[in-house]
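Chemist: Mind having a look at this structure? Questions to follow.
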Amino acid sequence: AEAAFIQLKEIFDAKWVREQRDAVIAKAKKWLNEHEQEVSHNPLYLDFKEKLDNLSSPSEAYETCTLLRFHSEHPLFNEFFKEGLGPFNYLVALGRDLRNVKDAKRIGNLPKRLKNANQYSGAHFELKMLAHLTRLGYSIKRDIPSGKGNNKTDFRIKKGQEVLFVELKSLEWSRTNKEIYAISCLFNPFPDLAFRKLLISSNSMILHPELSEDLKAKIIKNDLSLQSLQKIAQQLWKHIIERINKKEWGHHTLEEIAEYDLFQRKGNDVGDTDGFFKLPFSMEKEAEKICQVVDEYKDQLPDNGPGIFIIRTPFRSSYVEPALSACEDWQKYQHISAIVLVNTYFSSKGICHDLIPIQNPNPDAHNVMGYTVLQDILKLANH
């Protein structure tokens with residue numbers, strides 16, 4: 001464990017820690033200053049603001065910020081401050097992976113990417129894959145010429161007679177799903193601290209909220225302006241707050257907008273709760289985006305393969321897989337043997353990975369589903 005933490009300190013040094021901590025403090029102070037009116041009417045916020053203004057210790061200021069639910073945007077920084085065996089084991093595994101890959105001279109630009117909040121998850125998966133295959137005795141070469149102009153393949157992985165070329169890509173949400181998420185969040189009052197405080201103080205909870213079918217149809221068709229949606233969301237929030245203040249528990253309907261169930265908890269039993277309403281995402285749009293990426297980078301893989309794309313997506317792999325399997329755009333490229341979908345998510349174990357392989361049904365494509373190297377890569381699931 002000591003060797004693992006020494007390796008972590010080489011990358012995530014004191015300067016990086018201070019930068020992450022100070023960014024959280026600055027974000028909290030900015031929010032408190034920008035919401036001056038709301039803060040002035042809330043004793044809890046006033047107390048936090050006074051503490052932040054008077055604390056001379058950055059560590060104490062950061063701890064105060066976490067009580068306000070402000071955290072670093074970098075997922076690893078938060079792990080450093082968690083207690084328990086789970087976060088400890090996660091950090092030890094990360095340090096061990098870094099040491100294995102560094103000793104094998106395969107580290108590349110991973111340290112720089114791991115320190116970047118936006119690139120961490122993709123870099124973390126690449127690190128785990130390289131460390132895992134290194135420990136299994138695979139020969140791994142970076143940036144292998146594909147034979148097509150100046151294009152290079154990310155990795156050539158070899159053991160015995162088996163060779164596999166691998167191209168790694170990491171995707172963000174499609175524009176369509178970003179818009180769907182943004183609209184859905186208008187109707188989600190939980191990120192609002194004042195609303196959350198009301199739920200806690202009243203010991204109440206909202207179950208199974210759902211927008212009306214007419215409203216969902218209008219949203220999907222873009223029939224409503226953002227200003228109109230904000231007004232509708234405010235109506236819904238006001239309706240819920242009135243019911244809570246009047247202690248009117250049970251099923252409620254706000255005509256033409258939404259219906260929901262409102263309950264008061266018994267003790268600490270929160271029951272089986274659902275997240276607030278979100279519009280259904282379009283997995284077809286995600287599949288289209290993946291096909292566009294494959295088309296753009298298809299020449300990174302050599303014609304004499306076998307080659308695969310490993311693509312990290314923001315959605316669970318099982319959600320995207322049916323739409324991508326039905327998409328024929330990428331299947332015409334016989335030198336692309338398969339696509340492996342990867343989704344990164346957080347659990348009590350830290351950052352985990354969900355992997356699903358999709359073999360190219362093109363009869364001229366190499367069938368790699370039985371390849372030992374692919375099966376070993378898939379063993380990274382949930383690790």
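By order of appearance in the structure tokens: chains A, B, ..., then residues from 1 within every chain, and ligands from 1 in the order shown.
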Taking the chain letters and numbering used in this document, name the residues of segment 84-182 of chain A that DSSP puts in alpha helix (DSSP H), as a PyMOL selection string.

Modeler: chain A and resi 85-103+110-114+120-135+175-182

Chemist: Which residues are close to segment 6-9 of chain A, i.e. within 8 Å by only C-alpha atoms, leaving aside same-chain residues fewer than 6 positions away? Reply as a PyMOL selection string.

Modeler: chain A and resi 94-96+98-99

Chemist: Find the residues around segment 311-315 of chain A up to 8 Å (only C-alpha atoms counted), leave out those fewer than 4 positions away in its own chain, and share them as a ChimeraX atom specification.

Modeler: /A:122,168-173,290,319-320,339-344

Chemist: Can you tell me, as a ChimeraX atom specification, what residues are no more than 8 Å from Cys291 of chain A when counting only C-alpha atoms, ignoring any on the same chain fewer than 6 positions away?

Modeler: /A:327,329-330

Chemist: Restricting the output to N, CA and C atoms, write the selected residues as an mmCIF file, in the first residue's frame.

Modeler:
```cif
data_model
loop_
_atom_site.group_PDB
_atom_site.id
_atom_site.type_symbol
_atom_site.label_atom_id
_atom_site.label_comp_id
_atom_site.auth_asym_id
_atom_site.auth_seq_id
_atom_site.Cartn_x
_atom_site.Cartn_y
_atom_site.Cartn_z
ATOM 1 N N CYS A 327 -27.655 -0.539 -36.120
ATOM 2 C CA CYS A 327 -27.104 0.496 -36.999
ATOM 3 C C CYS A 327 -26.131 -0.146 -37.985
ATOM 4 N N ASP A 329 -24.372 1.391 -40.385
ATOM 5 C CA ASP A 329 -23.354 2.284 -40.949
ATOM 6 C C ASP A 329 -21.929 1.781 -40.717
ATOM 7 N N TRP A 330 -21.647 1.237 -39.522
ATOM 8 C CA TRP A 330 -20.284 0.802 -39.227
ATOM 9 C C TRP A 330 -20.007 -0.626 -39.678
#
```

Chemist: Identify, on the basis of only C-alpha atoms, every residue whose closest approach to Leu68 of chain A does not exceed 10 Å; exclude the query and any residue fewer than 3 positions from it along the same chain; express the result as a PyMOL selection string.

Modeler: chain A and resi 28+44-45+48+62-65+71+193

Chemist: Nearest to Thr253 of chain A: which of A:Ala217, A:Leu211, A:Lys231, A:Leu324 is it, counting only C-alpha atoms?

Modeler: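 Among the listed residues, the smallest separation from Thr253 of chain A belongs to A:Leu211.
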
Chemist: Mind giving me the straight-line distance from atom CA of Leu91 of chain A to atom CA of Ser318 of chain A in Å, one decimal?

Modeler: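 Separation between atom CA of Leu91 of chain A and atom CA of Ser318 of chain A: 27.8 Å.
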
Chemist: For Lys152 of chain A, work out the shell of residues within 8 Å, counting only C-alpha atoms and skipping chain neighbours fewer than 5 positions away, then give it as a list in words.

Modeler: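 Within the cut-off, the hits are Asp143, Ile144, Pro145, Ser146, Gly147, Gln300 and Leu301 of chain A.
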